[in-house]
file protein22.cif (mmCIF, C-alpha atoms and all ligand atoms)
data_target
loop_
_atom_site.label_atom_id
_atom_site.label_comp_id
_atom_site.auth_asym_id
_atom_site.auth_seq_id
_atom_site.Cartn_x
_atom_site.Cartn_y
_atom_site.Cartn_z
CA MET A 1 -40.61 22.32 51.77
CA ASP A 2 -40.20 20.05 54.77
CA LEU A 3 -37.66 17.27 54.51
CA LEU A 4 -37.93 13.77 55.85
CA GLU A 5 -35.42 12.95 58.59
CA TYR A 6 -33.10 10.98 56.32
CA GLN A 7 -33.04 13.75 53.72
CA GLY A 8 -32.17 16.26 56.44
CA LYS A 9 -29.42 13.96 57.65
CA GLN A 10 -27.99 13.76 54.15
CA LEU A 11 -27.69 17.56 54.16
CA PHE A 12 -26.13 17.41 57.63
CA GLY A 13 -23.56 14.90 56.42
CA LYS A 14 -22.75 17.07 53.42
CA HIS A 15 -21.83 19.92 55.78
CA GLY A 16 -19.73 17.85 58.13
CA LEU A 17 -22.19 17.01 60.89
CA ALA A 18 -21.81 13.47 62.20
CA VAL A 19 -24.78 11.22 61.41
CA SER A 20 -25.19 7.43 61.39
CA ASP A 21 -24.97 5.46 58.18
CA GLY A 22 -28.26 4.11 56.97
CA LYS A 23 -30.64 3.37 54.16
CA ALA A 24 -34.10 4.55 53.14
CA VAL A 25 -36.42 1.69 52.15
CA THR A 26 -40.10 1.16 51.36
CA THR A 27 -40.58 -2.59 51.88
CA VAL A 28 -40.03 -5.03 54.74
CA GLU A 29 -37.61 -7.11 52.68
CA ASP A 30 -35.50 -4.08 51.80
CA ALA A 31 -35.61 -3.01 55.44
CA VAL A 32 -34.20 -6.37 56.56
CA ALA A 33 -31.53 -6.27 53.86
CA ALA A 34 -30.59 -2.73 54.90
CA ALA A 35 -30.43 -3.74 58.56
CA ASN A 36 -28.11 -6.64 57.71
CA GLU A 37 -25.95 -4.27 55.71
CA VAL A 38 -25.58 -1.45 58.26
CA GLY A 39 -25.07 -3.94 61.07
CA TYR A 40 -26.93 -4.60 64.34
CA PRO A 41 -28.17 -3.08 66.48
CA VAL A 42 -30.16 -0.88 64.11
CA VAL A 43 -32.92 1.68 64.56
CA VAL A 44 -36.00 1.37 62.38
CA LYS A 45 -37.48 4.84 61.92
CA ALA A 46 -40.73 5.96 60.32
CA GLN A 47 -40.11 8.73 57.78
CA VAL A 48 -43.08 11.04 58.19
CA LEU A 49 -43.30 14.81 58.37
CA ILE A 50 -44.42 14.93 61.97
CA GLY A 51 -42.60 14.92 65.30
CA GLY A 52 -43.10 12.58 68.22
CA ARG A 53 -42.53 9.47 66.14
CA GLY A 54 -40.78 7.74 69.03
CA LYS A 55 -43.79 8.06 71.34
CA ALA A 56 -46.11 6.90 68.57
CA GLY A 57 -44.17 3.66 68.06
CA GLY A 58 -42.43 4.85 64.91
CA VAL A 59 -38.85 4.50 66.20
CA LYS A 60 -37.69 1.04 67.33
CA LEU A 61 -34.36 -0.57 68.08
CA ALA A 62 -33.66 -4.00 66.60
CA ALA A 63 -30.90 -6.28 67.88
CA ASN A 64 -31.18 -8.87 65.12
CA GLU A 65 -32.83 -9.75 61.84
CA ASP A 66 -36.05 -11.07 63.42
CA GLU A 67 -36.55 -7.87 65.36
CA ALA A 68 -35.75 -5.75 62.31
CA ARG A 69 -38.38 -7.65 60.33
CA GLU A 70 -40.93 -7.32 63.12
CA HIS A 71 -40.43 -3.57 63.54
CA ALA A 72 -40.37 -2.88 59.80
CA THR A 73 -43.64 -4.81 59.42
CA ASN A 74 -45.28 -2.86 62.23
CA ILE A 75 -44.01 0.56 61.26
CA LEU A 76 -44.63 0.44 57.50
CA GLY A 77 -48.20 1.65 57.08
CA LEU A 78 -48.30 2.97 60.64
CA ASP A 79 -50.46 6.07 60.92
CA ILE A 80 -48.71 8.70 62.99
CA LYS A 81 -51.09 11.56 63.68
CA GLY A 82 -52.59 11.29 60.22
CA HIS A 83 -49.28 10.68 58.43
CA VAL A 84 -49.07 7.19 56.97
CA THR A 85 -45.56 5.71 57.02
CA ARG A 86 -44.44 4.69 53.53
CA THR A 87 -40.68 5.00 53.96
CA LEU A 88 -38.39 3.67 56.65
CA TRP A 89 -34.92 4.84 57.53
CA ILE A 90 -32.71 2.07 58.85
CA GLU A 91 -29.57 3.25 60.56
CA HIS A 92 -26.92 1.72 62.74
CA ALA A 93 -28.00 2.36 66.34
CA SER A 94 -25.97 4.73 68.46
CA ASP A 95 -25.12 4.43 72.12
CA ILE A 96 -26.38 7.49 73.91
CA ASP A 97 -24.76 9.11 76.89
CA THR A 98 -26.48 12.49 76.75
CA GLU A 99 -29.17 14.11 74.60
CA TYR A 100 -28.90 17.80 73.69
CA TYR A 101 -30.95 20.08 71.46
CA ALA A 102 -29.77 22.44 68.72
CA SER A 103 -31.49 24.50 66.07
CA VAL A 104 -31.11 27.43 63.70
CA LEU A 105 -34.10 29.33 62.41
CA LEU A 106 -35.02 32.77 61.16
CA ASP A 107 -36.20 35.21 63.81
CA ARG A 108 -38.27 37.50 61.65
CA SER A 109 -38.84 40.12 64.32
CA ALA A 110 -35.10 40.41 65.01
CA LYS A 111 -34.33 40.05 61.27
CA LYS A 112 -31.54 37.66 62.24
CA PRO A 113 -30.80 33.97 62.37
CA LEU A 114 -31.55 32.54 65.81
CA VAL A 115 -29.30 29.77 67.11
CA MET A 116 -30.72 27.75 69.99
CA PHE A 117 -29.09 25.18 72.21
CA SER A 118 -30.15 23.23 75.26
CA THR A 119 -28.84 20.33 77.27
CA GLU A 120 -32.49 19.30 77.71
CA GLY A 121 -32.64 17.34 74.46
CA GLY A 122 -34.75 14.46 73.24
CA ILE A 123 -37.90 16.00 74.68
CA ASP A 124 -40.40 18.55 73.48
CA ILE A 125 -38.42 21.79 73.19
CA GLU A 126 -41.55 23.94 73.50
CA GLU A 127 -41.96 22.47 76.96
CA VAL A 128 -38.38 23.37 77.88
CA ALA A 129 -38.92 26.90 76.56
CA GLU A 130 -42.03 27.26 78.66
CA LYS A 131 -41.09 25.57 81.93
CA THR A 132 -37.34 26.13 82.15
CA PRO A 133 -36.54 28.94 79.72
CA GLU A 134 -33.15 29.46 81.39
CA LYS A 135 -32.12 26.06 79.98
CA LEU A 136 -32.68 27.17 76.40
CA ILE A 137 -29.83 29.34 75.13
CA LYS A 138 -30.77 31.75 72.37
CA PHE A 139 -28.19 33.56 70.30
CA HIS A 140 -28.81 35.91 67.39
CA ALA A 141 -26.11 35.47 64.78
CA ASP A 142 -25.01 38.32 62.57
CA PRO A 143 -26.34 37.43 59.12
CA LEU A 144 -23.32 39.07 57.47
CA THR A 145 -20.60 37.25 59.37
CA GLY A 146 -22.48 34.05 60.22
CA LEU A 147 -21.89 32.02 63.36
CA THR A 148 -18.26 32.00 64.43
CA LYS A 149 -16.59 29.15 66.28
CA GLU A 150 -15.99 31.48 69.26
CA GLU A 151 -19.67 32.32 69.44
CA ALA A 152 -20.59 28.65 69.16
CA ILE A 153 -18.22 27.81 72.04
CA LYS A 154 -19.88 30.47 74.16
CA ILE A 155 -23.34 29.07 73.34
CA ALA A 156 -22.28 25.55 74.27
CA THR A 157 -20.61 26.78 77.46
CA ASP A 158 -23.51 29.00 78.53
CA GLY A 159 -25.89 26.13 77.80
CA GLY A 160 -23.99 23.86 80.17
CA ALA A 161 -22.69 21.27 77.72
CA ASP A 162 -20.22 18.84 79.29
CA ALA A 163 -16.75 20.42 79.35
CA ASP A 164 -15.13 17.71 77.23
CA VAL A 165 -17.64 18.12 74.39
CA ILE A 166 -17.82 21.94 74.23
CA GLU A 167 -15.59 21.85 71.17
CA GLY A 168 -17.64 19.09 69.50
CA VAL A 169 -20.93 20.84 70.21
CA ALA A 170 -19.54 24.12 68.88
CA ASP A 171 -18.43 22.40 65.67
CA ALA A 172 -21.92 20.89 65.35
CA LEU A 173 -23.53 24.31 65.81
CA VAL A 174 -21.28 25.89 63.18
CA ALA A 175 -22.05 23.03 60.77
CA LEU A 176 -25.77 23.35 61.48
CA TYR A 177 -25.56 27.07 60.77
CA GLU A 178 -23.80 26.26 57.50
CA VAL A 179 -26.62 23.86 56.56
CA TRP A 180 -29.14 26.57 57.33
CA ILE A 181 -27.43 29.29 55.31
CA GLU A 182 -26.06 27.34 52.35
CA GLU A 183 -29.06 25.13 51.81
CA ASP A 184 -31.43 28.11 52.17
CA ALA A 185 -33.29 26.46 55.03
CA SER A 186 -35.84 28.24 57.17
CA LEU A 187 -35.33 25.71 59.96
CA ALA A 188 -32.57 23.26 60.78
CA GLU A 189 -33.15 21.38 64.02
CA ILE A 190 -31.46 18.46 65.78
CA ASN A 191 -33.34 16.81 68.61
CA PRO A 192 -31.55 14.96 70.01
CA LEU A 193 -27.99 16.00 69.33
CA ILE A 194 -26.32 13.19 71.21
CA VAL A 195 -23.05 12.63 72.97
CA THR A 196 -21.97 8.99 72.71
CA PRO A 197 -20.05 7.18 75.47
CA ASP A 198 -16.99 7.75 73.22
CA ARG A 199 -17.76 11.48 73.49
CA GLU A 200 -18.68 11.87 69.86
CA VAL A 201 -21.28 14.56 69.10
CA LYS A 202 -23.82 13.34 66.57
CA ALA A 203 -27.19 14.24 65.07
CA LEU A 204 -29.66 11.47 65.89
CA ASP A 205 -32.66 13.22 64.35
CA ALA A 206 -33.09 15.94 61.71
CA LYS A 207 -35.85 18.41 61.05
CA VAL A 208 -35.14 20.64 58.09
CA SER A 209 -37.46 23.01 56.24
CA LEU A 210 -36.19 24.54 53.03
CA ASP A 211 -37.25 27.93 51.77
CA ASP A 212 -39.25 27.35 48.58
CA ASN A 213 -38.41 30.82 47.33
CA ALA A 214 -34.79 29.72 46.99
CA GLU A 215 -35.68 26.68 44.90
CA PHE A 216 -34.22 28.22 41.72
CA ARG A 217 -30.79 28.19 43.36
CA HIS A 218 -31.02 24.49 44.22
CA PRO A 219 -31.63 22.19 41.27
CA GLU A 220 -30.35 19.37 43.51
CA ARG A 221 -33.54 19.60 45.57
CA GLU A 222 -35.48 17.72 42.89
CA GLY A 223 -37.23 14.73 44.44
CA LEU A 224 -36.81 15.87 48.03
CA GLY A 225 -39.73 16.17 50.43
CA ASP A 226 -42.39 13.61 51.20
CA SER A 227 -43.43 12.87 47.64
CA ALA A 228 -44.91 9.46 48.60
CA ASN A 229 -47.43 11.25 50.81
CA ALA A 230 -47.93 14.35 48.71
CA ASP A 231 -51.45 15.18 47.63
CA PRO A 232 -51.71 14.59 43.86
CA ILE A 233 -53.82 17.72 43.31
CA GLU A 234 -51.36 19.86 45.24
CA GLU A 235 -48.51 18.37 43.22
CA LYS A 236 -50.26 19.18 39.98
CA ALA A 237 -51.04 22.71 41.14
CA LYS A 238 -47.38 23.22 42.01
CA GLU A 239 -46.33 22.13 38.52
CA GLN A 240 -48.78 24.64 37.08
CA GLY A 241 -47.59 27.38 39.40
CA VAL A 242 -50.96 27.70 41.14
CA VAL A 243 -51.16 28.19 44.88
CA TYR A 244 -53.53 25.40 45.96
CA VAL A 245 -53.88 23.83 49.38
CA LYS A 246 -56.25 20.95 49.88
CA LEU A 247 -58.60 21.16 52.85
CA ASP A 248 -61.09 18.74 54.36
CA GLY A 249 -64.44 20.26 53.38
CA ASN A 250 -66.70 20.12 50.32
CA ILE A 251 -66.86 23.68 49.03
CA GLY A 252 -64.34 24.48 46.32
CA ILE A 253 -62.91 27.99 46.60
CA LEU A 254 -61.28 30.23 44.05
CA GLY A 255 -60.29 33.79 44.70
CA ASN A 256 -57.64 36.19 43.52
CA GLY A 257 -55.14 37.32 46.10
CA ALA A 258 -54.15 35.32 49.18
CA GLY A 259 -55.86 37.74 51.54
CA LEU A 260 -59.16 37.57 49.71
CA VAL A 261 -59.01 33.78 49.58
CA MET A 262 -58.27 33.59 53.31
CA SER A 263 -61.24 35.80 54.12
CA THR A 264 -63.40 33.77 51.73
CA LEU A 265 -62.53 30.64 53.71
CA ASP A 266 -63.54 32.48 56.88
CA VAL A 267 -66.84 33.72 55.50
CA VAL A 268 -67.74 30.26 54.23
CA ALA A 269 -66.90 28.80 57.64
CA GLN A 270 -68.96 31.53 59.30
CA HIS A 271 -71.98 30.37 57.32
CA GLY A 272 -71.43 26.80 58.50
CA GLY A 273 -69.67 25.56 55.37
CA GLU A 274 -66.38 23.72 55.06
CA PRO A 275 -63.92 24.76 52.35
CA ALA A 276 -62.41 21.99 50.22
CA ASN A 277 -59.36 24.00 49.25
CA PHE A 278 -57.46 27.25 49.23
CA LEU A 279 -56.79 28.45 45.71
CA ASP A 280 -55.29 31.79 44.86
CA ALA A 281 -55.63 32.43 41.15
CA GLY A 282 -53.37 35.44 41.57
CA GLY A 283 -53.58 38.85 40.01
CA GLY A 284 -54.23 39.19 36.32
CA SER A 285 -55.83 35.76 35.94
CA ASP A 286 -56.64 35.22 32.29
CA ALA A 287 -59.17 32.80 30.87
CA ALA A 288 -56.69 29.94 30.48
CA LYS A 289 -55.59 30.23 34.09
CA VAL A 290 -59.17 30.25 35.32
CA LYS A 291 -59.92 27.10 33.39
CA GLN A 292 -56.88 25.40 34.84
CA ALA A 293 -57.95 26.42 38.34
CA VAL A 294 -61.48 25.06 37.84
CA GLU A 295 -60.00 21.78 36.71
CA LEU A 296 -57.87 21.58 39.85
CA ILE A 297 -60.80 22.39 42.13
CA LEU A 298 -63.06 19.80 40.49
CA SER A 299 -60.44 17.06 40.60
CA ASN A 300 -61.15 16.88 44.34
CA GLU A 301 -64.14 14.57 44.37
CA ASN A 302 -65.38 15.86 47.74
CA VAL A 303 -66.36 19.13 46.09
CA LYS A 304 -70.14 19.61 46.13
CA ALA A 305 -70.27 23.30 45.22
CA VAL A 306 -67.80 25.95 44.14
CA LEU A 307 -67.44 29.57 45.13
CA PHE A 308 -65.68 32.06 42.86
CA ASN A 309 -64.83 35.18 44.73
CA ILE A 310 -63.17 37.66 42.42
CA PHE A 311 -62.31 41.19 43.28
CA GLY A 312 -61.03 42.68 40.08
CA GLY A 313 -58.04 44.94 40.41
CA ILE A 314 -55.43 43.90 37.90
CA THR A 315 -57.67 40.93 37.26
CA ARG A 316 -60.45 41.78 34.84
CA CYS A 317 -63.82 40.26 35.65
CA ASN A 318 -64.68 39.80 31.96
CA GLU A 319 -61.57 37.61 31.57
CA VAL A 320 -62.62 35.53 34.54
CA ALA A 321 -66.13 35.14 33.11
CA ASN A 322 -64.68 33.97 29.79
CA GLY A 323 -62.42 31.53 31.60
CA LEU A 324 -65.36 30.09 33.46
CA ILE A 325 -67.32 29.65 30.23
CA ALA A 326 -64.35 27.90 28.60
CA ALA A 327 -64.00 25.66 31.65
CA PHE A 328 -67.70 24.74 31.51
CA GLU A 329 -67.50 23.85 27.83
CA ASP A 330 -64.60 21.55 28.47
CA LEU A 331 -65.23 20.11 31.90
CA LYS A 332 -69.05 20.17 32.11
CA PRO A 333 -69.12 20.42 35.91
CA GLU A 334 -71.95 18.69 37.70
CA VAL A 335 -71.76 20.81 40.83
CA PRO A 336 -73.25 24.29 41.28
CA PHE A 337 -71.07 27.41 41.07
CA VAL A 338 -71.68 30.67 42.89
CA VAL A 339 -69.81 33.54 41.30
CA ARG A 340 -69.18 36.90 42.82
CA LEU A 341 -67.55 39.35 40.44
CA ASP A 342 -66.69 42.77 41.72
CA GLY A 343 -64.21 45.41 40.60
CA THR A 344 -62.58 45.95 37.21
CA ASN A 345 -65.02 45.19 34.38
CA ASP A 346 -67.49 43.55 36.76
CA VAL A 347 -70.59 44.71 34.91
CA GLN A 348 -69.18 43.33 31.68
CA GLY A 349 -68.23 40.08 33.40
CA ARG A 350 -71.70 39.58 34.79
CA GLU A 351 -73.23 40.32 31.40
CA ILE A 352 -71.01 37.73 29.75
CA LEU A 353 -72.02 35.14 32.32
CA GLU A 354 -75.68 35.99 32.01
CA ALA A 355 -75.57 35.73 28.21
CA ALA A 356 -73.83 32.35 28.42
CA ALA A 357 -76.58 31.07 30.72
CA LEU A 358 -74.36 28.34 32.13
CA PRO A 359 -76.31 25.62 33.90
CA ASN A 360 -76.10 25.71 37.68
CA VAL A 361 -74.20 28.99 37.88
CA TYR A 362 -75.46 31.62 40.27
CA ALA A 363 -74.26 35.21 40.28
CA ALA A 364 -73.96 36.83 43.68
CA LYS A 365 -73.54 40.50 44.43
CA THR A 366 -71.81 40.37 47.80
CA MET A 367 -69.17 38.13 49.31
CA ASP A 368 -71.38 37.38 52.30
CA GLY A 369 -74.39 36.55 50.14
CA ALA A 370 -72.23 34.36 47.91
CA ALA A 371 -70.91 32.41 50.88
CA GLU A 372 -74.40 31.90 52.27
CA GLN A 373 -75.66 30.65 48.93
CA VAL A 374 -72.78 28.27 48.26
CA VAL A 375 -73.11 26.72 51.72
CA ALA A 376 -76.84 26.13 51.11
CA LEU A 377 -76.13 24.59 47.70
CA ALA A 378 -73.44 22.29 49.08
CA GLN A 379 -75.76 21.17 51.84
CA SER A 380 -78.65 20.45 49.53
CA SER A 381 -76.52 18.49 47.09
CA THR A 382 -75.04 16.46 49.97
CA GLY A 383 -78.60 15.86 51.20
CA GLN A 384 -79.74 14.53 47.83
CA GLU A 385 -76.98 12.01 47.79
CA ASN A 386 -77.63 10.47 51.18
P1 LIG A 401 -38.90 11.66 67.20
O1 LIG A 401 -39.60 10.92 68.30
O2 LIG A 401 -39.79 11.81 66.02
O3 LIG A 401 -38.33 12.96 67.64
O4 LIG A 401 -37.70 10.72 66.71
P2 LIG A 401 -36.14 10.66 67.13
O5 LIG A 401 -35.35 10.37 65.94
O6 LIG A 401 -35.75 11.87 67.91
O7 LIG A 401 -36.08 9.39 68.08
C1 LIG A 401 -36.81 9.35 69.30
C2 LIG A 401 -35.96 8.78 70.39
O8 LIG A 401 -35.59 7.45 70.06
C3 LIG A 401 -34.67 9.52 70.63
O9 LIG A 401 -34.81 10.64 71.47
C4 LIG A 401 -33.82 8.43 71.25
O10 LIG A 401 -34.06 8.40 72.65
C5 LIG A 401 -34.34 7.15 70.62
N1 LIG A 401 -33.38 6.74 69.58
C6 LIG A 401 -33.36 7.08 68.29
N2 LIG A 401 -32.29 6.59 67.65
C7 LIG A 401 -31.61 5.89 68.58
C8 LIG A 401 -30.37 5.16 68.56
O11 LIG A 401 -29.65 5.06 67.57
N3 LIG A 401 -29.99 4.57 69.74
C9 LIG A 401 -30.72 4.67 70.87
N4 LIG A 401 -30.27 4.07 71.99
N5 LIG A 401 -31.87 5.36 70.93
C10 LIG A 401 -32.32 5.97 69.81
MN MN A 402 -36.51 13.87 67.65
#
call {"tool": "encode", "arguments": {"input": "protein22.cif", "output": "structure tokens", "more": "lines below"}}
Ligand code: GDP
Ligand code: MN
result
Amino acid sequence: MDLLEYQGKQLFGKHGLAVSDGKAVTTVEDAVAAANEVGYPVVVKAQVLIGGRGKAGGVKLAANEDEAREHATNILGLDIKGHVTRTLWIEHASDIDTEYYASVLLDRSAKKPLVMFSTEGGIDIEEVAEKTPEKLIKFHADPLTGLTKEEAIKIATDGGADADVIEGVADALVALYEVWIEEDASLAEINPLIVTPDREVKALDAKVSLDDNAEFRHPEREGLGDSANADPIEEKAKEQGVVYVKLDGNIGILGNGAGLVMSTLDVVAQHGGEPANFLDAGGGSDAAKVKQAVELILSNENVKAVLFNIFGGITRCNEVANGLIAAFEDLKPEVPFVVRLDGTNDVQGREILEAAALPNVYAAKTMDGAAEQVVALAQSSTGQEN
């Protein structure tokens, strides 16, 4: 789960990193009230899960109430690379002397946490990594001992931090590491980590991704993330424990096993179709689960045809067939379904489907043939509409 900047900053604050005081708001009036409360100058910041907000006009300084109102009005509703701004973070503006960069993430190939630091902050770090890699310090921490203060001092020194803030930067790195480890984050990034004219080291931005697999250890995470912008179908799927990702196309997809679903998306695309979702019904899908999945797929109104691609291993094809029949009885879908059943109990599954004679359901023998057919069906139903 990715956190909005202000949520990341709250975690930073909890672990002793310096951040500015502020308020999260969703209306212009609340933004103005918050600005008056934190005191001018303030920064009005779009809370969206995408970087480069500053360049897109989503981060503005306001010296007084009029400016705060103007910026809040302009930024609320602002579309930043497809992310509509629904929440603003209003914080007391900081004076900036220098902008650094700091992050902690998991380096899977090294099987260790990777701590990165650069004095080239405030800009795209990928660009720094590419053009001036010597300016990006990388340090693999020992996952058993964590990041020590001595190591952090060495990172800050090697990175060329100003001599008088080495200590402050090191403390920030240790705190950031603590955020990463204790909050079960997969990424904790500060860009920029600023030095103020008073030589205070402070996180001006926060990018934090939390590891969803650790959710059971963190009941306090409830309500975090960008719930205002979350897709309602994805939210519902999450509640039901189904892995569903909404996509832009019009062909609903259900498969069992992430790998099979991924290749189903590819095969559909290969035949010129556009998948409407990723849905992994998982192994051992029983009839009730299948019905639930069909309901999720059909709640996306872009769906013009549905492809079931089941390879029965643990999953029994007869169970899937029964689930589909139950779903049809209940939901009475108006779009065509192409069903490929292969593997455990496939013959039985196909017989069940045939006997049920569901309207608009086509059995396919191969994955490729199924994809071809579903693409044709989606195209013809789109054609009829226009
Ligand atoms: P991003 O563009 O999404 O990375 O958003 P940031 O939070 O990093 O803000 C972008 C830029 O706005 C920063 O690099 C700063 O230069 C500037 N900025 C943000 N907050 C302040 C502030 O409190 N004071 C000043 N002077 N500039 C700020
Ligand atoms: Mn930033």
call {"tool": "closest_atom_pairs", "arguments": {"input": "protein22.cif", "of": "chain A", "to": "ligand LIG 401 (chain A)", "cutoff": "7 Å", "atoms": "only C-alpha atoms and all ligand atoms", "output": "CSV"}}
result
residue,atom,partner,partner_atom,distance
A:Val42,CA,A:LIG401,O11,6.9
A:Val43,CA,A:LIG401,O11,5.6
A:Ile50,CA,A:LIG401,O2,6.9
A:Gly51,CA,A:LIG401,O2,4.3
A:Gly52,CA,A:LIG401,O1,3.9
A:Arg53,CA,A:LIG401,O2,3.6
A:Gly54,CA,A:LIG401,O1,3.5
A:Lys55,CA,A:LIG401,O1,5.9
A:Val59,CA,A:LIG401,O8,5.9
A:Leu61,CA,A:LIG401,N3,6.9
A:His92,CA,A:LIG401,O11,6.5
A:Ala93,CA,A:LIG401,O11,3.4
A:Ser94,CA,A:LIG401,O11,3.8
A:Asp95,CA,A:LIG401,N4,5.2
A:Ile96,CA,A:LIG401,N4,5.5
A:Gly122,CA,A:LIG401,O9,4.2
A:Ile123,CA,A:LIG401,O9,7.0
A:Asn191,CA,A:LIG401,O6,5.5
A:Pro192,CA,A:LIG401,O9,5.6
A:Leu204,CA,A:LIG401,O5,5.8
A:Asp205,CA,A:LIG401,O5,4.2
call {"tool": "residues_around", "arguments": {"input": "protein22.cif", "residues": "Ile80 (chain A)", "least_positions_apart": "3", "cutoff": "7 Å", "atoms": "all atoms listed in the file", "output": "PyMOL selection string"}}
result
chain A and resi 53+56+83-84
call {"tool": "closest_residue", "arguments": {"input": "protein22.cif", "among": "A:Lys238, A:Arg86, A:Arg199, A:Lys135", "to": "Ala156 (chain A)", "atoms": "all atoms listed in the file"}}
result
A:Lys135
call {"tool": "closest_residue", "arguments": {"input": "protein22.cif", "among": "A:Val115, A:Tyr244, A:Val320, A:Ala68", "to": "Gly343 (chain A)", "atoms": "all atoms listed in the file"}}
result
A:Val320
call {"tool": "residues_around", "arguments": {"input": "protein22.cif", "residues": "region 359-374 of chain A", "least_positions_apart": "6", "cutoff": "7 Å", "atoms": "all atoms listed in the file", "output": "list in words"}}
result
Val267, Val268, His271, Ala305, Val306, Leu307, Asn309, Pro336, Phe337, Val338, Val339 and Arg340 of chain A
call {"tool": "residues_around", "arguments": {"input": "protein22.cif", "residues": "Thr382 (chain A)", "least_positions_apart": "6", "cutoff": "12 Å", "atoms": "all atoms listed in the file", "output": "VMD selection string"}}
result
chain A and resid 249 to 251 273 302 to 305 335 to 336 375 to 376
call {"tool": "closest_residue", "arguments": {"input": "protein22.cif", "among": "A:Thr119, A:Asn256, A:Ser20, A:Gln379", "to": "Arg316 (chain A)", "atoms": "all atoms listed in the file"}}
result
A:Asn256
call {"tool": "atom_distance", "arguments": {"input": "protein22.cif", "atom1": "CA of Thr132 (chain A)", "atom2": "CA of Tyr101 (chain A)"}}
result
13.8 Å
call {"tool": "atom_distance", "arguments": {"input": "protein22.cif", "atom1": "CA of Asp21 (chain A)", "atom2": "CA of Glu151 (chain A)"}}
result
29.6 Å
call {"tool": "atom_distance", "arguments": {"input": "protein22.cif", "atom1": "CA of Gly16 (chain A)", "atom2": "CA of Val165 (chain A)"}}
result
16.4 Å
